[in-house]
Amino acid sequence: MEFFTRGYNAIRGDKGQPQSVDETVEKLADCLETATLLEDRRAAVLSLKGLAVGRLCFVGLIKILHTDHHDGDITKSTLETINVLCTLQHQSSLDDPGYVYTDKFIEDPTNVSIVLDILEEYDFYVRYSALKFLSTLSANRNSGVQQSVLTSPMGIARLVDLLSDKRDIIRNESLLLLINLTQNNTEIQKIVAFQATFEKLLAVIEDEEGISGGIIVQDSLTLMHHLLRYNVSNQIYFRETSCIQAIPGLLGYVGDSDADHVPFSYEDWPPQKIANTVLVLGLCRILTEPDGANTSINQKIIAQSNTLLPIVQLAVCSNAPSIVRTEALYSVAYLIYGNIANQDLFTKTVVACPLKIVNGEVVDSDAPVGLPRPAMVSLIAIALDADPSIQYSYSSRAAAAFAVLSSIEGHPDAQVVLAATLKTPPEDNANTQFADKPFSFGSLLLDYIENWEFSANDPYKLWFACTILSYVIRDSDLAKQVAGGIVFGDEANGEEPVPLLHHIVAQLMMAARNPTTNSRIPIAYLCLLCTWLYNNQASVSLFLSESTHIQFLIQEVQSSANDPIVQGLIAFLLGIAYDTLSRLRDSAAIKNSPQYLQISAEDESISANTGSLPSLLLEPTFVEFFKDTYGNVERTLFSMRLMYVCEVSSPTGSEQEIATYKTTIHTQANEILALKQQIEAEKVERAAQTTHLDKKIAELEKLLTEAERDALNSKAEALKKDKSELEKLVETMREEQEDLLVCMGEQTMEMKKYKARLRHLGEEVTDSEDEDE
């Protein structure tokens with residue numbers, strides 16, 4: 001009863017007269033500053049909480065927070081009141097009062113520190129109010145709160161300790177707050193990580209039933225992402241505390257890990273499980289980012305932890321949704337990229353063929369199970385969308401192609417091995433009658449490369465096939481040699497053998513002549529040819545052995561009907577037509593190429609909604625190859641530019657034209673002869689002048705006597721000055737001589753051109769004319 005009395009007395013006017021709101025707030029604010037009794041200050045805080053007016057009382061509330069934070073009731077009310085004042089009323093307004101109060105509060109770091117100290121209080125409502133208030137501050141001014149938190153020695157430790165709080169609400173709020181605080185702040189990330197945070201988060205995930213759990217699992221994994229991404233020290237700590245070994249358990253593995261192949265996994269995929277699985281796979285990608293400081297050792301530890309099998313299962317033999325499959329494929333790619341041991345482990349992995357799925361939901365149990373096949377073949381099947389039972393998204397196909405690149409990156413022996421599989425099945429193949437007949441890595445690629453019509457409805461089938469073959473032969477002369485030795489046609493049956501390289505050009509020619517062909521098909525063939533021919537003389541010789549190839553390409557580069565990118569690639573292939581090549585260099589396909597082969601979520605969404613193709617035209621590795629070699633090709637263009645000569649309409653020229661050519665030749669010959677004589681005369685004259693001056697100086701030096709030395713010295717200096725001026729004149733004349741020689745050379749070339757023209761017109765050139773030259 002005394003409490004209500006004090007609250008009433010704090011807000012009533014003199015002699016019980018009613019007051020206005022402003023007068024009440026002013027009186028309460030004054031009470032916060034001057035009241036000596038805790039009960040009075042508590043009553044004022046509770047009254048202000050109901051009024052939610054902070055212009056006059058904000059400073060007083062902060063003071064109460066510092067002085068009375070040991071009292072749970074007043075602390076809870078003060079935090080709730082300040083939180084209401086700092087909460088934004090209009091998110092889009094930069095002048096919202098919430099920003100103003102937030103800035104006032106965090107301008108003194110001790111204010112944030114005192115709130116962090118309050119977290120030590122075990123009372124549920126006090127802790128919850130403190131966490132909500134810190135979350136509001138972080139949402140408004142995250143960078144400012146981060147700097148204030150760093151000034152509190154034990155603040156972060158108290159926050160991390162709350163992850164072990166048995167009260168779920170407290171734990172969840174601390175988790176959300178840590179997610180905000182660890183964004184883009186390496187120092188906070190390190191401090192948080194070294195508070196045994198990874199172990200606590202893994203315990204939370206396990207309590208929440210792993211990836212099948214709810215939003216708390218997603219938040220825990222998100223915080224782990226923040227702590228590990230681009231943070232080398234945290235990755236080392238994560239690895240050395242054996243947290244990597246927990247990843248396989250998070251993903252789960254359906255089947256016996258000791259079996260001879262990875263079985264097909266069919267599971268239910270609710271939205272939350274999808275989000276959680278993608279985040280776990282994202283952890284693998286963060287730890288194995290190509291060219292990272294810890295990538296090599298992380299790849300080794302992850303592989304030793306048997307993480308590859310569950311990731312491969314999700315990637316190539318499961319009914320996982322497209323987003324999960326895509327993330328799993330990229331995780332496989334990152335795990336094996338540039339690591340020969342992991343690459344060999346992957347190529348030895350055998351997986352089950354995909355099951356028959358009706359409407360993407362029900363497995364057709366009556367369908368026969370396909371034979372197990374190498375995981376590498378499954379990657380090709382995904383990239384080429386060659387499995388009739390599953391339709392793969394464009395993003396998954398791009399990820400599969402990138403995984404193929406990763407499997408041979410830095411492994412030339414693997415390139416040769418894959419190139420050796422580029423063989424078509426024999427005519428008497430016993431499996432021909434089966435729709436799901438087994439195939440090899442190379443035979444599946446060749447099926448689409450040698451028949452562009454198979455990709456008429458889906459040009460990315462051929463596009464990915466050519467891209468993958470480019471990976472196999474890039475920078476490997478031996479792989480190019482193996483591919484160059486593949487021929488089509490059996491001489492025993494009277495067929496002319498056609499090399500694979502010629503067959504590719506033939507397919508390009510047929511595709512280019514079809515007006516309905518999508519531009520991605522010639523682009524794919526041209527990118528493959530550019531990669532194949534670059535820096536390999538044997539391949540260039542094989543390409544040029546068929547004369548129609550050059551004729552066709554020149555016609556195409558001159559055709560205005562072709563796509564500019566196609567024209568640019570042809571120019572790049574031929575090493576001609578610089579301005580056409582520059583159009584490719586300046587195109588959006590080159591400038592906006594992604595870092596690695598991927599199809600954006602926006603592209604995927606547009607494609608799914610409209611039925612159109614994604615915007616992907618050039619594979620990123622080819623773009624890098626183009627940029628690296630563009631300078632060399634550009635320099636070649638200036639020295640090897642083709643000269644197009646118009647055909648002469650008549651086999652013989654007029655007498656007047658012939659006479660004109662002869663007159664020009666004789667005139668230029670006489671001019672050249674006169675110039676030569678002039679140059680020789682100037683040389684003799686300059687030599688005589690120099691000799692005369694040298695003799696004169698020598699004679700004067702001999703005539704010097706002791707008495708005349710001073711006078712003669714000045715004269716000698718004058719002569720030396722004259723000599724210096726003459727030498728400058730000689731140098732000037734020498735430069736003029738060089739200019740004359742250049743002119744002579746140009747005129748000589750003109751004479752040769754006119755003589756060639758006369759011979760072309762049937763006119764004979766006499767010996768005297770040759771002598772004049």
# chains A, B, ... in the order shown; residues from 1 in each chain; ligands from 1
>>> residues_around(residues="segment 375-381 of chain A", least_positions_apart="3", cutoff="6 Å", atoms="only C-alpha atoms", output="ChimeraX atom specification")
/A:349-351,384-386,400,441
>>> select_by_dssp(residues="segment 433-568 of chain A", states="helix (DSSP H, G or I)", output="VMD selection string")
chain A and resid 441 to 449 452 to 455 460 to 473 477 to 484 491 to 493 500 to 513 520 to 533 537 to 544 547 to 558 564 to 568
>>> write_last_selection(atoms="C-alpha atoms", output="short mmCIF file (atom, residue, chain, number, x, y, z; two decimals), in the first residue's frame")
data_model
loop_
_atom_site.label_atom_id
_atom_site.label_comp_id
_atom_site.auth_asym_id
_atom_site.auth_seq_id
_atom_site.Cartn_x
_atom_site.Cartn_y
_atom_site.Cartn_z
CA PHE A 441 32.23 -40.15 -68.63
CA GLY A 442 33.49 -39.52 -72.17
CA SER A 443 30.81 -41.36 -74.13
CA LEU A 444 28.07 -39.29 -72.47
CA LEU A 445 29.87 -36.08 -73.40
CA LEU A 446 30.37 -37.22 -77.00
CA ASP A 447 26.68 -38.12 -77.37
CA TYR A 448 25.82 -34.42 -77.14
CA ILE A 449 28.95 -32.89 -78.68
CA TRP A 452 23.99 -30.73 -81.70
CA GLU A 453 20.39 -31.55 -82.62
CA PHE A 454 20.01 -33.36 -79.27
CA SER A 455 20.30 -29.92 -77.65
CA TYR A 460 22.63 -26.00 -72.19
CA LYS A 461 23.05 -29.74 -72.75
CA LEU A 462 25.63 -29.04 -75.44
CA TRP A 463 26.89 -25.94 -73.61
CA PHE A 464 27.78 -27.90 -70.49
CA ALA A 465 29.19 -30.80 -72.53
CA CYS A 466 31.59 -28.48 -74.38
CA THR A 467 32.45 -26.67 -71.14
CA ILE A 468 33.36 -29.91 -69.38
CA LEU A 469 35.45 -31.11 -72.34
CA SER A 470 37.25 -27.74 -72.23
CA TYR A 471 38.10 -28.44 -68.58
CA VAL A 472 39.50 -31.84 -69.51
CA ILE A 473 41.88 -30.59 -72.23
CA ASP A 477 49.03 -31.14 -74.37
CA LEU A 478 48.71 -34.84 -73.62
CA ALA A 479 44.95 -34.61 -73.09
CA LYS A 480 44.64 -32.61 -76.33
CA GLN A 481 46.69 -35.28 -78.09
CA VAL A 482 44.40 -38.03 -76.79
CA ALA A 483 41.30 -36.07 -77.82
CA GLY A 484 42.84 -35.27 -81.20
CA GLU A 491 37.83 -47.47 -92.79
CA ALA A 492 37.07 -51.21 -92.92
CA ASN A 493 33.49 -50.35 -93.87
CA LEU A 500 36.85 -35.33 -83.44
CA LEU A 501 38.14 -31.78 -83.97
CA HIS A 502 36.87 -31.76 -87.57
CA HIS A 503 33.59 -33.29 -86.46
CA ILE A 504 33.11 -30.48 -83.94
CA VAL A 505 33.68 -27.85 -86.65
CA ALA A 506 31.23 -29.68 -88.91
CA GLN A 507 28.62 -29.62 -86.16
CA LEU A 508 29.33 -25.91 -85.67
CA MET A 509 28.81 -25.28 -89.38
CA MET A 510 25.50 -27.12 -89.42
CA ALA A 511 24.28 -25.35 -86.29
CA ALA A 512 25.29 -21.93 -87.66
CA ARG A 513 23.39 -22.49 -90.89
CA ARG A 520 24.55 -20.80 -76.93
CA ILE A 521 25.26 -23.74 -79.25
CA PRO A 522 27.83 -21.99 -81.52
CA ILE A 523 29.20 -20.19 -78.45
CA ALA A 524 29.82 -23.56 -76.78
CA TYR A 525 31.56 -25.01 -79.82
CA LEU A 526 33.71 -21.89 -80.33
CA CYS A 527 34.80 -21.76 -76.68
CA LEU A 528 35.81 -25.41 -76.91
CA LEU A 529 37.76 -24.81 -80.13
CA CYS A 530 39.54 -21.76 -78.69
CA THR A 531 40.63 -23.77 -75.67
CA TRP A 532 41.68 -26.72 -77.79
CA LEU A 533 43.78 -24.78 -80.32
CA GLN A 537 50.64 -26.48 -82.73
CA ALA A 538 49.49 -30.02 -83.47
CA SER A 539 45.86 -29.09 -82.89
CA VAL A 540 46.24 -25.94 -85.00
CA SER A 541 47.73 -27.99 -87.85
CA LEU A 542 44.88 -30.49 -87.60
CA PHE A 543 42.36 -27.64 -87.65
CA LEU A 544 43.94 -25.98 -90.71
CA SER A 547 40.52 -25.53 -95.87
CA THR A 548 36.77 -25.09 -95.50
CA HIS A 549 37.18 -24.32 -91.80
CA ILE A 550 38.85 -20.94 -92.36
CA GLN A 551 36.49 -20.03 -95.20
CA PHE A 552 33.46 -20.78 -93.04
CA LEU A 553 34.75 -18.80 -90.08
CA ILE A 554 35.63 -15.76 -92.21
CA GLN A 555 32.12 -15.81 -93.69
CA GLU A 556 30.60 -16.00 -90.23
CA VAL A 557 32.69 -13.18 -88.79
CA GLN A 558 31.60 -10.95 -91.70
CA PRO A 564 28.20 -10.17 -81.54
CA ILE A 565 29.57 -12.66 -79.02
CA VAL A 566 29.70 -15.35 -81.71
CA GLN A 567 31.52 -12.95 -84.03
CA GLY A 568 33.94 -12.01 -81.27
#
>>> atom_distance(atom1="atom CA of Ser143 of chain A", atom2="atom CA of Pro290 of chain A")
29.6 Å
>>> residues_around(residues="segment 128-134 of chain A", least_positions_apart="2", cutoff="10 Å", atoms="only C-alpha atoms", output="VMD selection string")
chain A and resid 75 to 84 86 to 87 112 114 to 119 121 to 126 136 to 140 142 145 159 169 to 171 173 to 177 181
>>> write_last_selection(atoms="C-alpha atoms", output="PDB file, in the first residue's frame")
ATOM      1  CA  THR A  75      16.213  -2.356 -13.293  1.00  0.00           C
ATOM      2  CA  LYS A  76      13.559  -4.280 -15.209  1.00  0.00           C
ATOM      3  CA  SER A  77      11.278  -1.237 -15.407  1.00  0.00           C
ATOM      4  CA  THR A  78      14.124   1.091 -16.415  1.00  0.00           C
ATOM      5  CA  LEU A  79      15.294  -1.235 -19.194  1.00  0.00           C
ATOM      6  CA  GLU A  80      11.752  -1.646 -20.514  1.00  0.00           C
ATOM      7  CA  THR A  81      11.219   2.132 -20.480  1.00  0.00           C
ATOM      8  CA  ILE A  82      14.468   2.915 -22.301  1.00  0.00           C
ATOM      9  CA  ASN A  83      13.770   0.093 -24.751  1.00  0.00           C
ATOM     10  CA  VAL A  84      10.409   1.642 -25.616  1.00  0.00           C
ATOM     11  CA  CYS A  86      14.784   3.474 -28.470  1.00  0.00           C
ATOM     12  CA  THR A  87      12.356   1.363 -30.492  1.00  0.00           C
ATOM     13  CA  VAL A 112      26.347  -0.554 -22.710  1.00  0.00           C
ATOM     14  CA  ILE A 114      26.338  -1.641 -17.352  1.00  0.00           C
ATOM     15  CA  VAL A 115      23.622  -3.423 -19.363  1.00  0.00           C
ATOM     16  CA  LEU A 116      26.052  -6.294 -20.005  1.00  0.00           C
ATOM     17  CA  ASP A 117      26.797  -6.418 -16.272  1.00  0.00           C
ATOM     18  CA  ILE A 118      23.075  -6.677 -15.568  1.00  0.00           C
ATOM     19  CA  LEU A 119      23.057  -9.975 -17.501  1.00  0.00           C
ATOM     20  CA  GLU A 121      21.494 -11.216 -12.628  1.00  0.00           C
ATOM     21  CA  TYR A 122      19.769 -14.613 -12.806  1.00  0.00           C
ATOM     22  CA  ASP A 123      16.224 -13.218 -12.624  1.00  0.00           C
ATOM     23  CA  PHE A 124      14.390 -14.148 -15.804  1.00  0.00           C
ATOM     24  CA  TYR A 125      12.678 -10.804 -16.411  1.00  0.00           C
ATOM     25  CA  VAL A 126      15.824  -8.772 -15.771  1.00  0.00           C
ATOM     26  CA  THR A 136      17.107  -2.985 -30.041  1.00  0.00           C
ATOM     27  CA  LEU A 137      20.352  -1.014 -29.782  1.00  0.00           C
ATOM     28  CA  SER A 138      22.120  -3.450 -32.105  1.00  0.00           C
ATOM     29  CA  ALA A 139      19.325  -3.275 -34.662  1.00  0.00           C
ATOM     30  CA  ASN A 140      19.503   0.535 -34.682  1.00  0.00           C
ATOM     31  CA  ASN A 142      25.091  -2.173 -34.716  1.00  0.00           C
ATOM     32  CA  VAL A 145      27.152  -1.196 -30.049  1.00  0.00           C
ATOM     33  CA  LEU A 159      26.507 -13.191 -23.448  1.00  0.00           C
ATOM     34  CA  ILE A 169      13.725 -17.813 -24.325  1.00  0.00           C
ATOM     35  CA  ILE A 170      16.892 -16.443 -22.715  1.00  0.00           C
ATOM     36  CA  ARG A 171      19.074 -18.752 -24.809  1.00  0.00           C
ATOM     37  CA  GLU A 173      17.472 -14.093 -27.404  1.00  0.00           C
ATOM     38  CA  SER A 174      21.201 -14.293 -26.629  1.00  0.00           C
ATOM     39  CA  LEU A 175      21.702 -16.302 -29.812  1.00  0.00           C
ATOM     40  CA  LEU A 176      19.999 -13.634 -31.932  1.00  0.00           C
ATOM     41  CA  LEU A 177      21.998 -10.889 -30.235  1.00  0.00           C
ATOM     42  CA  LEU A 181      27.137  -8.494 -32.860  1.00  0.00           C
TER      43      LEU A 181
END
>>> select_by_dssp(residues="segment 322-484 of chain A", states="strand (DSSP E)", output="ChimeraX atom specification")
/A:350-351,357-358,362-363,373-374
>>> residues_around(residues="Val280 of chain A", least_positions_apart="2", cutoff="8 Å", atoms="only C-alpha atoms", output="PyMOL selection string")
chain A and resi 221+247+250-251+276-278+282-284
>>> atom_distance(atom1="atom CA of Lys728 of chain A", atom2="atom CA of Ile672 of chain A")
26.3 Å
>>> residues_around(residues="Asp207 of chain A", least_positions_apart="2", cutoff="12 Å", atoms="only C-alpha atoms", output="short mmCIF file (atom, residue, chain, number, x, y, z; two decimals) with N, CA, C and O atoms, in the first residue's frame")
data_model
loop_
_atom_site.label_atom_id
_atom_site.label_comp_id
_atom_site.auth_asym_id
_atom_site.auth_seq_id
_atom_site.Cartn_x
_atom_site.Cartn_y
_atom_site.Cartn_z
N SER A 164 24.03 -21.39 -22.59
CA SER A 164 23.83 -22.59 -21.77
C SER A 164 22.67 -22.44 -20.79
O SER A 164 22.42 -23.34 -19.99
N LYS A 166 19.19 -22.75 -19.30
CA LYS A 166 18.16 -23.77 -19.51
C LYS A 166 16.83 -23.19 -19.95
O LYS A 166 15.96 -23.92 -20.44
N ASP A 168 14.73 -21.53 -22.50
CA ASP A 168 14.88 -21.41 -23.95
C ASP A 168 14.77 -19.97 -24.44
O ASP A 168 15.49 -19.57 -25.37
N LYS A 200 29.22 -25.16 -27.48
CA LYS A 200 27.88 -24.87 -26.95
C LYS A 200 26.84 -24.87 -28.07
O LYS A 200 25.71 -25.36 -27.88
N LEU A 201 27.21 -24.33 -29.22
CA LEU A 201 26.26 -24.32 -30.34
C LEU A 201 25.98 -25.73 -30.84
O LEU A 201 24.82 -26.06 -31.16
N LEU A 202 27.01 -26.57 -30.91
CA LEU A 202 26.79 -27.95 -31.34
C LEU A 202 25.90 -28.69 -30.34
O LEU A 202 25.08 -29.53 -30.73
N ALA A 203 26.06 -28.37 -29.05
CA ALA A 203 25.19 -28.98 -28.03
C ALA A 203 23.75 -28.53 -28.22
O ALA A 203 22.80 -29.34 -28.08
N VAL A 204 23.55 -27.25 -28.53
CA VAL A 204 22.20 -26.74 -28.78
C VAL A 204 21.58 -27.45 -29.98
O VAL A 204 20.41 -27.87 -29.95
N ILE A 205 22.37 -27.60 -31.05
CA ILE A 205 21.86 -28.26 -32.26
C ILE A 205 21.48 -29.70 -31.97
O ILE A 205 20.44 -30.20 -32.43
N GLU A 209 17.54 -31.76 -32.10
CA GLU A 209 17.37 -32.84 -33.08
C GLU A 209 18.04 -32.56 -34.42
O GLU A 209 17.55 -32.97 -35.48
N GLY A 210 19.18 -31.88 -34.39
CA GLY A 210 19.98 -31.71 -35.60
C GLY A 210 19.28 -30.92 -36.68
O GLY A 210 18.49 -30.01 -36.41
N ILE A 211 19.55 -31.31 -37.95
CA ILE A 211 18.99 -30.54 -39.07
C ILE A 211 17.48 -30.71 -39.18
O ILE A 211 16.82 -29.96 -39.89
N SER A 212 16.93 -31.67 -38.47
CA SER A 212 15.47 -31.82 -38.45
C SER A 212 14.82 -30.90 -37.44
O SER A 212 13.59 -30.87 -37.32
N GLY A 213 15.62 -30.15 -36.70
CA GLY A 213 15.11 -29.24 -35.68
C GLY A 213 14.50 -27.98 -36.26
O GLY A 213 14.33 -27.84 -37.48
N GLY A 214 14.22 -27.04 -35.37
CA GLY A 214 13.51 -25.85 -35.79
C GLY A 214 14.42 -24.66 -36.06
O GLY A 214 15.59 -24.81 -36.42
N ILE A 216 15.83 -22.63 -34.10
CA ILE A 216 16.99 -22.46 -33.23
C ILE A 216 18.22 -23.10 -33.86
O ILE A 216 19.34 -22.56 -33.76
N VAL A 217 18.04 -24.23 -34.54
CA VAL A 217 19.16 -24.85 -35.25
C VAL A 217 19.66 -23.92 -36.35
O VAL A 217 20.86 -23.75 -36.54
N SER A 220 21.65 -21.14 -34.76
CA SER A 220 22.94 -21.62 -34.27
C SER A 220 23.92 -21.78 -35.42
O SER A 220 25.10 -21.39 -35.32
N LEU A 250 25.80 -34.13 -38.31
CA LEU A 250 24.75 -33.15 -38.58
C LEU A 250 24.00 -33.48 -39.87
O LEU A 250 22.78 -33.33 -39.95
#
>>> residues_around(residues="segment 718-724 of chain A", least_positions_apart="2", cutoff="9 Å", atoms="only C-alpha atoms", output="ChimeraX atom specification")
/A:690,693-694,697,713-716,726-729
>>> residues_around(residues="Phe264 of chain A", least_positions_apart="2", cutoff="6 Å", atoms="only C-alpha atoms", output="PyMOL selection string")
chain A and resi 317-318+352
>>> atom_distance(atom1="atom CA of Val404 of chain A", atom2="atom CA of Gly489 of chain A")
29.2 Å
>>> closest_residue(among="A:Val332, A:Leu163, A:Val416, A:Leu345", to="Pro374 of chain A", atoms="only C-alpha atoms")
A:Leu345
>>> closest_residue(among="A:Val254, A:Thr182, A:Gly155, A:Glu717", to="Thr222 of chain A", atoms="only C-alpha atoms")
A:Thr182
>>> closest_residue(among="A:Met749, A:Ile590, A:Ala414, A:Val262", to="Pro372 of chain A", atoms="only C-alpha atoms")
A:Val262
>>> decode(residues="segment 542-557 of chain A", atoms="N, CA, C and O atoms", output="PDB file, in the first residue's frame")
ATOM      1  N   LEU A 542      46.025 -29.639 -87.298  1.00  0.00           N
ATOM      2  CA  LEU A 542      44.884 -30.494 -87.600  1.00  0.00           C
ATOM      3  C   LEU A 542      43.676 -29.655 -88.004  1.00  0.00           C
ATOM      4  O   LEU A 542      42.939 -30.011 -88.926  1.00  0.00           O
ATOM      5  N   PHE A 543      43.490 -28.524 -87.332  1.00  0.00           N
ATOM      6  CA  PHE A 543      42.364 -27.641 -87.651  1.00  0.00           C
ATOM      7  C   PHE A 543      42.504 -27.050 -89.052  1.00  0.00           C
ATOM      8  O   PHE A 543      41.545 -26.981 -89.814  1.00  0.00           O
ATOM      9  N   LEU A 544      43.715 -26.627 -89.410  1.00  0.00           N
ATOM     10  CA  LEU A 544      43.945 -25.976 -90.706  1.00  0.00           C
ATOM     11  C   LEU A 544      44.056 -26.962 -91.859  1.00  0.00           C
ATOM     12  O   LEU A 544      44.090 -26.548 -93.019  1.00  0.00           O
ATOM     13  N   SER A 545      44.138 -28.255 -91.551  1.00  0.00           N
ATOM     14  CA  SER A 545      44.267 -29.242 -92.632  1.00  0.00           C
ATOM     15  C   SER A 545      43.011 -29.306 -93.481  1.00  0.00           C
ATOM     16  O   SER A 545      43.047 -29.822 -94.603  1.00  0.00           O
ATOM     17  N   GLU A 546      41.916 -28.783 -92.989  1.00  0.00           N
ATOM     18  CA  GLU A 546      40.675 -28.717 -93.751  1.00  0.00           C
ATOM     19  C   GLU A 546      40.433 -27.258 -94.139  1.00  0.00           C
ATOM     20  O   GLU A 546      40.153 -26.412 -93.289  1.00  0.00           O
ATOM     21  N   SER A 547      40.562 -26.930 -95.422  1.00  0.00           N
ATOM     22  CA  SER A 547      40.523 -25.533 -95.871  1.00  0.00           C
ATOM     23  C   SER A 547      39.166 -24.884 -95.655  1.00  0.00           C
ATOM     24  O   SER A 547      39.069 -23.671 -95.483  1.00  0.00           O
ATOM     25  N   THR A 548      38.105 -25.681 -95.641  1.00  0.00           N
ATOM     26  CA  THR A 548      36.773 -25.085 -95.505  1.00  0.00           C
ATOM     27  C   THR A 548      36.559 -24.462 -94.129  1.00  0.00           C
ATOM     28  O   THR A 548      35.667 -23.627 -93.965  1.00  0.00           O
ATOM     29  N   HIS A 549      37.361 -24.862 -93.142  1.00  0.00           N
ATOM     30  CA  HIS A 549      37.182 -24.319 -91.798  1.00  0.00           C
ATOM     31  C   HIS A 549      37.404 -22.813 -91.782  1.00  0.00           C
ATOM     32  O   HIS A 549      36.576 -22.050 -91.263  1.00  0.00           O
ATOM     33  N   ILE A 550      38.530 -22.366 -92.350  1.00  0.00           N
ATOM     34  CA  ILE A 550      38.847 -20.939 -92.357  1.00  0.00           C
ATOM     35  C   ILE A 550      37.829 -20.167 -93.181  1.00  0.00           C
ATOM     36  O   ILE A 550      37.372 -19.084 -92.783  1.00  0.00           O
ATOM     37  N   GLN A 551      37.466 -20.717 -94.350  1.00  0.00           N
ATOM     38  CA  GLN A 551      36.494 -20.028 -95.204  1.00  0.00           C
ATOM     39  C   GLN A 551      35.170 -19.830 -94.463  1.00  0.00           C
ATOM     40  O   GLN A 551      34.573 -18.749 -94.508  1.00  0.00           O
ATOM     41  N   PHE A 552      34.721 -20.876 -93.779  1.00  0.00           N
ATOM     42  CA  PHE A 552      33.458 -20.783 -93.043  1.00  0.00           C
ATOM     43  C   PHE A 552      33.541 -19.731 -91.939  1.00  0.00           C
ATOM     44  O   PHE A 552      32.643 -18.892 -91.781  1.00  0.00           O
ATOM     45  N   LEU A 553      34.636 -19.735 -91.187  1.00  0.00           N
ATOM     46  CA  LEU A 553      34.751 -18.799 -90.077  1.00  0.00           C
ATOM     47  C   LEU A 553      34.839 -17.361 -90.550  1.00  0.00           C
ATOM     48  O   LEU A 553      34.283 -16.449 -89.931  1.00  0.00           O
ATOM     49  N   ILE A 554      35.544 -17.122 -91.665  1.00  0.00           N
ATOM     50  CA  ILE A 554      35.631 -15.762 -92.207  1.00  0.00           C
ATOM     51  C   ILE A 554      34.253 -15.283 -92.659  1.00  0.00           C
ATOM     52  O   ILE A 554      33.862 -14.128 -92.444  1.00  0.00           O
ATOM     53  N   GLN A 555      33.481 -16.176 -93.282  1.00  0.00           N
ATOM     54  CA  GLN A 555      32.124 -15.807 -93.690  1.00  0.00           C
ATOM     55  C   GLN A 555      31.269 -15.454 -92.474  1.00  0.00           C
ATOM     56  O   GLN A 555      30.509 -14.485 -92.491  1.00  0.00           O
ATOM     57  N   GLU A 556      31.416 -16.239 -91.412  1.00  0.00           N
ATOM     58  CA  GLU A 556      30.599 -16.004 -90.234  1.00  0.00           C
ATOM     59  C   GLU A 556      30.980 -14.705 -89.524  1.00  0.00           C
ATOM     60  O   GLU A 556      30.120 -13.997 -88.999  1.00  0.00           O
ATOM     61  N   VAL A 557      32.280 -14.381 -89.495  1.00  0.00           N
ATOM     62  CA  VAL A 557      32.688 -13.176 -88.793  1.00  0.00           C
ATOM     63  C   VAL A 557      32.263 -11.934 -89.559  1.00  0.00           C
ATOM     64  O   VAL A 557      32.105 -10.849 -88.972  1.00  0.00           O
TER      65      VAL A 557
END
